[in-house]
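These notes are about the structure you will find just below.
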Amino acid sequence: MGQTMQIQYLTSKELAVYENGPLLAGGVLVAMPFTNADHAQRAAKLMASRASAPGMILCIHDQAEEGFIALINRAFVKTQSAYFAYVAQDALAGRDWLKEALTAMGDRKNFLGFNDGKWAGALAGFGLARRSWATQNYGGDFFYPAYKRHYADAELTLLAMQADAYAYEPNSLLVEVDWDKDASAVDADDRSLFLERKKKGFDGRVSNPTLLNHIK
């Protein structure tokens, strides 16, 4: 298998075309919902040129304003690949970002948080999952579907940490270039949902007290 990473662009409506014929990707399928085509194209081209691993970057234009989490879940269902990653249009890739991530996961880990320049591995703002593991978490969805904008990645990180399935490699760099991120508030409803689910250990799957206090 070669080391080529392809790029494909779809609208959120066109994604429905693959209802009965899922998109296939060798190696890794990287889903990138976007609202700004110029930003997405620039990010995807750099990611593809620096991946050093095979796969496909699927850029999905969110024409209907479905939101990041909903589109990631749709892309997960409509694709097939050994690994599935989620990124945003503001991702800046370091050299060998994907090769480093796959090496760090090895045979034992199922979920990896990229070095996004913010969380230092504490949660997977951008992440890579072994599909066979991710399929089992939420009845086929990638993220818990009730979240709208935030905290879905935090919950998934905690599930992986509890199962000793989480990996972090600082050299696997996908920096989130969002100039206004630190001044932006999180979605209040998503935060309330996260805190409510945390009380019940995320359906009983997280029991470690340290992990339950890992993300506030």
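By order in the structure tokens, chains are A, B, ...; within a chain, residues start at 1; ligands start at 1, following the order shown.
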
Non-local contacts of stretch 192-201 of chain A (12 Å; only C-alpha atoms; under 6 positions in same chain excluded) as a PyMOL selection string = chain A and resi 144-156+158-159+162+186+207-216

Run DSSP on the backbone and grab whatever in stretch 61-176 of chain A lands in strand (DSSP E); send it over as an MDAnalysis selection string.
-> chainID A and resid 61 79:80 83:86 91:93 111:115 127:130 166:176

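For the pair atom CA of A:Ala48 and atom CA of A:Phe34, the separation is 16.4 Å.
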
Which residue out of A:Gly204, A:Leu10, A:Asn137, A:Ala53 has the minimum interatomic distance to A:Arg95 when only C-alpha atoms are used?
->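 The shortest atom-to-atom distance to A:Arg95 comes from A:Ala53.
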
Just the residues within 7 Å of A:Ala31, please, counting only C-alpha atoms, with nothing from its chain fewer than 4 positions along; format it as a VMD selection string.
-> chain A and resid 57 to 59 72 75 85 to 87

Output the selection as a PDB file, in the first residue's frame - N, CA and C atoms for each residue.
ATOM      1  N   ILE A  57      -8.884  12.291   3.005  1.00  0.00           N
ATOM      2  CA  ILE A  57      -9.465  13.397   3.757  1.00  0.00           C
ATOM      3  C   ILE A  57     -10.787  13.738   3.081  1.00  0.00           C
ATOM      4  N   LEU A  58     -11.872  13.565   3.810  1.00  0.00           N
ATOM      5  CA  LEU A  58     -13.201  13.833   3.281  1.00  0.00           C
ATOM      6  C   LEU A  58     -13.678  15.174   3.835  1.00  0.00           C
ATOM      7  N   CYS A  59     -13.669  16.186   2.968  1.00  0.00           N
ATOM      8  CA  CYS A  59     -14.082  17.533   3.362  1.00  0.00           C
ATOM      9  C   CYS A  59     -15.566  17.690   3.054  1.00  0.00           C
ATOM     10  N   ILE A  72     -19.938  14.617  11.646  1.00  0.00           N
ATOM     11  CA  ILE A  72     -18.968  13.559  11.927  1.00  0.00           C
ATOM     12  C   ILE A  72     -19.683  12.224  12.068  1.00  0.00           C
ATOM     13  N   ALA A  75     -20.715  11.049   8.621  1.00  0.00           N
ATOM     14  CA  ALA A  75     -19.558  10.592   7.846  1.00  0.00           C
ATOM     15  C   ALA A  75     -19.071   9.238   8.343  1.00  0.00           C
ATOM     16  N   ALA A  85     -10.687   9.513  11.646  1.00  0.00           N
ATOM     17  CA  ALA A  85     -10.217  10.704  12.352  1.00  0.00           C
ATOM     18  C   ALA A  85     -11.181  11.856  12.115  1.00  0.00           C
ATOM     19  N   TYR A  86     -11.211  12.781  13.066  1.00  0.00           N
ATOM     20  CA  TYR A  86     -12.028  13.984  12.913  1.00  0.00           C
ATOM     21  C   TYR A  86     -11.141  15.210  13.125  1.00  0.00           C
ATOM     22  N   VAL A  87     -11.295  16.175  12.238  1.00  0.00           N
ATOM     23  CA  VAL A  87     -10.536  17.430  12.304  1.00  0.00           C
ATOM     24  C   VAL A  87     -11.458  18.553  11.849  1.00  0.00           C
TER      25      VAL A  87
END

So what do you get for atom CA of A:His39 versus atom CA of A:Gln6, distance-wise?
->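 Going from atom CA of A:His39 over to atom CA of A:Gln6 covers 17.2 Å.
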
Excluding A:Met105 and any residue of its chain fewer than 4 positions from it, enumerate the residues within 9 Å of it, using only C-alpha atoms, and give them as an NGL selection string.
-> :A and (100-101 or 109-112 or 130 or 165-169)

Could you pull out the alpha helix (DSSP H) residues of stretch 45-170 of chain A from DSSP and send them as a PyMOL selection string?
-> chain A and resi 45-50+68-77+97-105+131-134+152-162

Can you pull out every residue within 8 Å of A:Asn73, counting only C-alpha atoms, but drop anything in the same chain fewer than 3 positions away, and send it as a list in words?
-> Ile69, Ala70, Phe76, Val77, Asp141, Phe142, Phe143 and Pro145 of chain A

Contacts of A:Ile7 within 10 Å, only C-alpha atoms, excl. fewer than 2 positions in-chain, as a ChimeraX atom specification = /A:4-5,9,29-30,41,44-45,47-48,55-59

Contacts of A:Pro33 at 8 Å (only C-alpha atoms; same-chain gap of 4+ positions) as a PDB file with all heavy atoms, in the first residue's frame:
ATOM      1  N   CYS A  59     -13.669  16.186   2.968  1.00  0.00           N
ATOM      2  CA  CYS A  59     -14.082  17.533   3.362  1.00  0.00           C
ATOM      3  C   CYS A  59     -15.566  17.690   3.054  1.00  0.00           C
ATOM      4  O   CYS A  59     -15.985  17.527   1.906  1.00  0.00           O
ATOM      5  CB  CYS A  59     -13.276  18.576   2.596  1.00  0.00           C
ATOM      6  SG  CYS A  59     -11.481  18.431   2.812  1.00  0.00           S
ATOM      7  N   ILE A  60     -16.350  17.993   4.085  1.00  0.00           N
ATOM      8  CA  ILE A  60     -17.806  18.017   3.949  1.00  0.00           C
ATOM      9  C   ILE A  60     -18.318  19.421   4.223  1.00  0.00           C
ATOM     10  O   ILE A  60     -18.239  19.909   5.355  1.00  0.00           O
ATOM     11  CB  ILE A  60     -18.461  17.030   4.928  1.00  0.00           C
ATOM     12  CG1 ILE A  60     -17.810  15.657   4.830  1.00  0.00           C
ATOM     13  CG2 ILE A  60     -19.958  16.929   4.660  1.00  0.00           C
ATOM     14  CD1 ILE A  60     -18.077  14.772   6.031  1.00  0.00           C
ATOM     15  N   HIS A  61     -18.874  20.045   3.196  1.00  0.00           N
ATOM     16  CA  HIS A  61     -19.406  21.402   3.343  1.00  0.00           C
ATOM     17  C   HIS A  61     -20.732  21.349   4.088  1.00  0.00           C
ATOM     18  O   HIS A  61     -21.697  20.740   3.626  1.00  0.00           O
ATOM     19  CB  HIS A  61     -19.594  22.042   1.968  1.00  0.00           C
ATOM     20  CG  HIS A  61     -19.983  23.489   2.029  1.00  0.00           C
ATOM     21  ND1 HIS A  61     -20.446  24.176   0.924  1.00  0.00           N
ATOM     22  CD2 HIS A  61     -19.984  24.382   3.048  1.00  0.00           C
ATOM     23  CE1 HIS A  61     -20.706  25.423   1.266  1.00  0.00           C
ATOM     24  NE2 HIS A  61     -20.436  25.566   2.557  1.00  0.00           N
ATOM     25  N   ASP A  62     -20.782  21.995   5.214  1.00  0.00           N
ATOM     26  CA  ASP A  62     -21.989  21.980   6.055  1.00  0.00           C
ATOM     27  C   ASP A  62     -22.988  23.015   5.539  1.00  0.00           C
ATOM     28  O   ASP A  62     -23.258  24.027   6.172  1.00  0.00           O
ATOM     29  CB  ASP A  62     -21.605  22.259   7.512  1.00  0.00           C
ATOM     30  CG  ASP A  62     -22.771  22.066   8.472  1.00  0.00           C
ATOM     31  OD1 ASP A  62     -23.844  21.618   8.017  1.00  0.00           O
ATOM     32  OD2 ASP A  62     -22.603  22.361   9.667  1.00  0.00           O
ATOM     33  N   PHE A  68     -20.908  20.312  13.570  1.00  0.00           N
ATOM     34  CA  PHE A  68     -19.732  19.443  13.487  1.00  0.00           C
ATOM     35  C   PHE A  68     -20.034  18.019  13.949  1.00  0.00           C
ATOM     36  O   PHE A  68     -19.709  17.049  13.261  1.00  0.00           O
ATOM     37  CB  PHE A  68     -18.611  20.045  14.342  1.00  0.00           C
ATOM     38  CG  PHE A  68     -17.290  19.338  14.228  1.00  0.00           C
ATOM     39  CD1 PHE A  68     -16.396  19.680  13.231  1.00  0.00           C
ATOM     40  CD2 PHE A  68     -16.939  18.319  15.108  1.00  0.00           C
ATOM     41  CE1 PHE A  68     -15.173  19.031  13.115  1.00  0.00           C
ATOM     42  CE2 PHE A  68     -15.728  17.667  15.011  1.00  0.00           C
ATOM     43  CZ  PHE A  68     -14.837  18.021  14.008  1.00  0.00           C
ATOM     44  N   LEU A  71     -22.361  15.996  11.603  1.00  0.00           N
ATOM     45  CA  LEU A  71     -21.721  15.622  10.341  1.00  0.00           C
ATOM     46  C   LEU A  71     -20.656  14.548  10.542  1.00  0.00           C
ATOM     47  O   LEU A  71     -20.490  13.667   9.694  1.00  0.00           O
ATOM     48  CB  LEU A  71     -21.112  16.849   9.662  1.00  0.00           C
ATOM     49  CG  LEU A  71     -22.059  17.649   8.774  1.00  0.00           C
ATOM     50  CD1 LEU A  71     -21.315  18.786   8.090  1.00  0.00           C
ATOM     51  CD2 LEU A  71     -22.734  16.773   7.731  1.00  0.00           C
ATOM     52  N   ILE A  72     -19.938  14.617  11.646  1.00  0.00           N
ATOM     53  CA  ILE A  72     -18.968  13.559  11.927  1.00  0.00           C
ATOM     54  C   ILE A  72     -19.683  12.224  12.068  1.00  0.00           C
ATOM     55  O   ILE A  72     -19.237  11.196  11.532  1.00  0.00           O
ATOM     56  CB  ILE A  72     -18.163  13.884  13.195  1.00  0.00           C
ATOM     57  CG1 ILE A  72     -17.199  15.046  12.944  1.00  0.00           C
ATOM     58  CG2 ILE A  72     -17.383  12.649  13.683  1.00  0.00           C
ATOM     59  CD1 ILE A  72     -16.109  14.769  11.918  1.00  0.00           C
ATOM     60  N   VAL A  87     -11.295  16.175  12.238  1.00  0.00           N
ATOM     61  CA  VAL A  87     -10.536  17.430  12.304  1.00  0.00           C
ATOM     62  C   VAL A  87     -11.458  18.553  11.849  1.00  0.00           C
ATOM     63  O   VAL A  87     -12.553  18.312  11.347  1.00  0.00           O
ATOM     64  CB  VAL A  87      -9.274  17.394  11.418  1.00  0.00           C
ATOM     65  CG1 VAL A  87      -8.349  16.259  11.821  1.00  0.00           C
ATOM     66  CG2 VAL A  87      -9.642  17.273   9.945  1.00  0.00           C
ATOM     67  N   ALA A  88     -10.992  19.777  12.009  1.00  0.00           N
ATOM     68  CA  ALA A  88     -11.750  20.936  11.566  1.00  0.00           C
ATOM     69  C   ALA A  88     -10.990  21.690  10.492  1.00  0.00           C
ATOM     70  O   ALA A  88      -9.819  21.410  10.213  1.00  0.00           O
ATOM     71  CB  ALA A  88     -12.054  21.852  12.761  1.00  0.00           C
ATOM     72  N   GLN A  89     -11.650  22.681   9.914  1.00  0.00           N
ATOM     73  CA  GLN A  89     -11.061  23.443   8.806  1.00  0.00           C
ATOM     74  C   GLN A  89      -9.902  24.319   9.249  1.00  0.00           C
ATOM     75  O   GLN A  89      -9.179  24.864   8.410  1.00  0.00           O
ATOM     76  CB  GLN A  89     -12.136  24.310   8.158  1.00  0.00           C
ATOM     77  CG  GLN A  89     -12.664  25.405   9.081  1.00  0.00           C
ATOM     78  CD  GLN A  89     -13.816  26.188   8.474  1.00  0.00           C
ATOM     79  OE1 GLN A  89     -14.550  25.691   7.628  1.00  0.00           O
ATOM     80  NE2 GLN A  89     -13.966  27.442   8.900  1.00  0.00           N
TER      81      GLN A  89
END

Figure out the distance between atom CA of A:Asn115 and atom CA of A:Leu46, please, to one decimal in Å.
-> 16.2 Å

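For the set A:Asp187, A:Gly139, A:Ala163, A:Leu92, the residue with the smallest atom-to-atom gap to A:Ala51 is A:Leu92, counting only C-alpha atoms.
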